[in-house]
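*Asks:* Contents of my_file32.cif (mmCIF, C-alpha atoms) are below:
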```
data_run
#
loop_
_atom_site.group_PDB
_atom_site.id
_atom_site.type_symbol
_atom_site.label_atom_id
_atom_site.label_comp_id
_atom_site.auth_asym_id
_atom_site.auth_seq_id
_atom_site.Cartn_x
_atom_site.Cartn_y
_atom_site.Cartn_z
ATOM 1 C CA MET A 603 94.299 81.239 92.639
ATOM 2 C CA LYS A 604 94.936 83.805 89.987
ATOM 3 C CA PHE A 605 97.004 86.910 90.622
ATOM 4 C CA GLU A 606 97.254 89.672 88.040
ATOM 5 C CA PHE A 607 99.705 92.481 88.713
ATOM 6 C CA SER A 608 99.363 96.062 87.513
ATOM 7 C CA GLN A 609 103.157 96.357 87.306
ATOM 8 C CA ILE A 610 105.681 93.951 85.830
ATOM 9 C CA GLN A 611 107.115 91.574 88.453
ATOM 10 C CA LYS A 612 110.821 90.751 88.386
ATOM 11 C CA ASN A 613 111.722 87.099 88.064
ATOM 12 C CA MET A 614 114.532 86.484 90.564
ATOM 13 C CA LYS A 615 116.024 83.540 88.656
ATOM 14 C CA ASP A 616 119.100 84.004 86.464
ATOM 15 C CA ASN A 617 117.951 84.710 82.908
ATOM 16 C CA GLY A 618 114.338 84.606 84.136
ATOM 17 C CA ARG A 619 111.723 86.581 82.251
ATOM 18 C CA ASP A 620 109.525 89.087 84.069
ATOM 19 C CA TYR A 621 105.846 88.278 84.584
ATOM 20 C CA VAL A 622 102.472 89.971 85.095
ATOM 21 C CA LYS A 623 100.246 87.017 86.023
ATOM 22 C CA MET A 624 100.561 84.036 88.332
ATOM 23 C CA LEU A 625 98.259 81.010 88.618
ATOM 24 C CA SER A 626 98.752 78.872 91.718
ATOM 25 C CA LEU A 627 97.278 75.678 93.124
ATOM 26 C CA TYR A 628 96.957 75.333 96.905
ATOM 27 C CA TYR A 629 96.132 72.492 99.269
ATOM 28 C CA PHE A 630 93.775 73.352 102.145
ATOM 29 C CA ASP A 631 93.687 71.373 105.401
ATOM 30 C CA CYS A 632 90.273 72.378 106.723
ATOM 31 C CA ASP A 633 90.558 70.540 110.050
ATOM 32 C CA GLY A 634 94.044 71.897 110.803
ATOM 33 C CA LYS A 635 93.362 75.391 109.348
ATOM 34 C CA ARG A 636 96.525 75.200 107.258
ATOM 35 C CA PHE A 637 97.284 75.666 103.576
ATOM 36 C CA GLY A 638 100.223 75.271 101.224
ATOM 37 C CA MET A 639 101.151 76.063 97.629
ATOM 38 C CA VAL A 640 101.505 73.023 95.371
ATOM 39 C CA ASN A 641 102.485 74.696 92.106
ATOM 40 C CA SER A 642 102.612 78.047 90.337
ATOM 41 C CA ASN A 643 102.809 79.168 86.729
ATOM 42 C CA PHE A 644 104.076 82.630 85.802
ATOM 43 C CA TYR A 645 103.000 84.394 82.595
ATOM 44 C CA ALA A 646 104.275 87.374 80.568
ATOM 45 C CA ASN A 647 102.130 90.138 79.034
ATOM 46 C CA ASP A 648 101.569 88.003 75.934
ATOM 47 C CA ASN A 649 100.296 85.096 78.134
ATOM 48 C CA SER A 650 103.366 82.996 77.374
ATOM 49 C CA LEU A 651 104.600 80.800 80.221
ATOM 50 C CA VAL A 652 107.845 82.244 81.607
ATOM 51 C CA ASP A 653 108.377 80.067 84.684
ATOM 52 C CA SER A 654 106.719 77.354 86.760
ATOM 53 C CA PHE A 655 107.317 75.065 89.691
ATOM 54 C CA LYS A 656 105.581 72.041 91.147
ATOM 55 C CA LEU A 657 106.097 70.336 94.491
ATOM 56 C CA ASN A 658 105.467 66.692 95.349
ATOM 57 C CA ASN A 659 102.746 66.130 97.953
ATOM 58 C CA GLY A 660 105.293 65.438 100.671
ATOM 59 C CA ASP A 661 107.222 68.618 99.896
ATOM 60 C CA VAL A 662 104.315 71.072 100.258
ATOM 61 C CA GLU A 663 104.980 73.383 103.201
ATOM 62 C CA MET A 664 101.698 73.806 105.052
ATOM 63 C CA THR A 665 101.265 77.155 106.832
ATOM 64 C CA ASP A 666 98.845 78.137 109.598
ATOM 65 C CA VAL A 667 96.104 80.498 108.457
ATOM 66 C CA ALA A 668 96.246 83.903 110.150
ATOM 67 C CA PRO A 669 92.874 84.930 111.620
ATOM 68 C CA GLU A 670 90.968 87.608 109.683
ATOM 69 C CA SER A 671 93.370 87.386 106.719
ATOM 70 C CA ILE A 672 92.713 86.732 103.044
ATOM 71 C CA GLY A 673 93.901 83.177 103.706
ATOM 72 C CA ASP A 674 91.276 82.843 106.445
ATOM 73 C CA THR A 675 88.550 84.004 104.045
ATOM 74 C CA LEU A 676 89.753 81.568 101.368
ATOM 75 C CA MET A 677 89.922 78.753 103.908
ATOM 76 C CA THR A 678 86.370 79.439 105.083
ATOM 77 C CA TYR A 679 85.050 79.453 101.527
ATOM 78 C CA VAL A 680 86.965 76.395 100.299
ATOM 79 C CA CYS A 681 86.116 74.302 103.345
ATOM 80 C CA LEU A 682 82.465 75.345 103.431
ATOM 81 C CA VAL A 683 81.890 74.693 99.743
ATOM 82 C CA GLY A 684 83.895 71.462 99.851
ATOM 83 C CA ASP A 685 81.971 70.163 102.859
ATOM 84 C CA LEU A 686 78.614 71.039 101.386
ATOM 85 C CA SER A 687 79.398 69.703 97.923
ATOM 86 C CA ASN A 688 80.226 66.372 99.584
ATOM 87 C CA LYS A 689 76.688 66.482 101.004
ATOM 88 C CA GLY A 690 75.120 67.484 97.680
ATOM 89 C CA VAL A 691 74.268 71.040 98.801
ATOM 90 C CA LYS A 692 75.162 74.039 96.652
ATOM 91 C CA LYS A 693 76.088 77.227 98.491
ATOM 92 C CA GLN A 694 75.593 80.736 97.190
ATOM 93 C CA PRO A 695 77.139 83.966 98.428
ATOM 94 C CA ASN A 696 74.950 86.024 100.694
ATOM 95 C CA ASN A 697 74.816 89.510 99.176
ATOM 96 C CA ASP A 698 74.626 91.172 102.600
ATOM 97 C CA SER A 699 77.992 89.925 103.872
ATOM 98 C CA ASN A 700 81.077 87.880 103.088
ATOM 99 C CA ILE A 701 79.440 84.779 104.574
ATOM 100 C CA PHE A 702 78.066 82.073 102.331
ATOM 101 C CA SER A 703 74.537 80.877 102.817
ATOM 102 C CA ASP A 704 72.532 77.898 101.599
ATOM 103 C CA THR A 705 69.527 80.190 101.257
ATOM 104 C CA PRO A 706 69.134 81.365 97.672
ATOM 105 C CA PRO A 707 69.169 85.124 97.177
ATOM 106 C CA VAL A 708 65.757 86.741 97.274
ATOM 107 C CA LYS A 709 64.655 88.004 93.898
ATOM 108 C CA LYS A 710 62.826 91.281 94.145
ATOM 109 C CA THR A 711 60.120 91.758 91.584
ATOM 110 C CA ILE A 712 58.929 95.194 90.706
ATOM 111 C CA LYS A 713 55.365 95.491 89.516
ATOM 112 C CA PRO A 714 54.861 98.231 86.961
ATOM 113 C CA LYS A 715 52.479 100.980 87.939
ATOM 114 C CA VAL A 716 49.346 100.788 85.885
ATOM 115 C CA PRO A 717 47.219 103.924 85.741
ATOM 116 C CA ASN A 718 43.633 103.587 86.920
ATOM 117 C CA LYS A 719 42.332 105.631 84.012
ATOM 118 C CA ILE A 720 43.551 105.773 80.489
ATOM 119 C CA MET A 721 43.413 109.294 79.089
#
```
Spit out the file's structure as structure tokens when you get a sec.
*Replies:*
Amino acid sequence: MKFEFSQIQKNMKDNGRDYVKMLSLYYFDCDGKRFGMVNSNFYANDNSLVDSFKLNNGDVEMTDVAPESIGDTLMTYVCLVGDLSNKGVKKQPNNDSNIFSDTPPVKKTIKPKVPNKIM
């Protein structure tokens, strides 16, 4: 996931540089409805890397997903797309809601009005 901040974020490490962007990798346990951060990279205004961390698989702290949270929405999306991609189905967002649908969006065509008589 990518997070971009409108204000500079303070790096809490000694001699750490402040950052404005963070890219993180998460594991999702779809059956257990849990997720955990595997690594994060922190970037300054000039896109230079200022800090990073990476956990080994066994060290990732998996957290329960709170219902109706951003994490719940991410979990639903990741698990739905992952499950369907394993079955060879591509999902597309349904424009009418936050739910994803395997039905492609309907394309509306507008026919131009043609006058009956040319003057």
*Asks:* Between A:Leu651, A:Leu657, A:Ile610, A:Met677, which is the closest to A:Leu627 once you count only C-alpha atoms?
*Replies:*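 Comparing A:Leu651, A:Leu657, A:Ile610, A:Met677 against A:Leu627, the winner is A:Leu657.
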*Asks:* Find the residues around A:Asp674 up to 12 Å (all atoms listed in the file counted), leave out those fewer than 4 positions away in its own chain, and share them as a ChimeraX atom specification.
*Replies:* /A:630-632,635-637,665-670,678-682,700
*Asks:* Grab the atom CA of A:Met664 to atom CA of A:Asp620 distance for me, in Å with one decimal place.
*Replies:* 27.1 Å
*Asks:* Enumerate, as a list in words, the residues matched when the PyMOL selection byres ((chain A and resi 612) around 12) is run on the file above.
*Replies:*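 So the PyMOL selection byres ((chain A and resi 612) around 12) ends up selecting Phe607, Gln609, Ile610, Gln611, Asn613, Met614, Lys615, Asp616, Asn617, Gly618, Arg619, Asp620, Tyr621, Val622, Lys623, Phe644, Tyr645, Ala646, Val652 and Asp653 of chain A.
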*Asks:* Enter the distance from atom CA of A:Asn647 to atom CA of A:Leu625, in Å, rounded to one decimal.
*Replies:* 13.8 Å
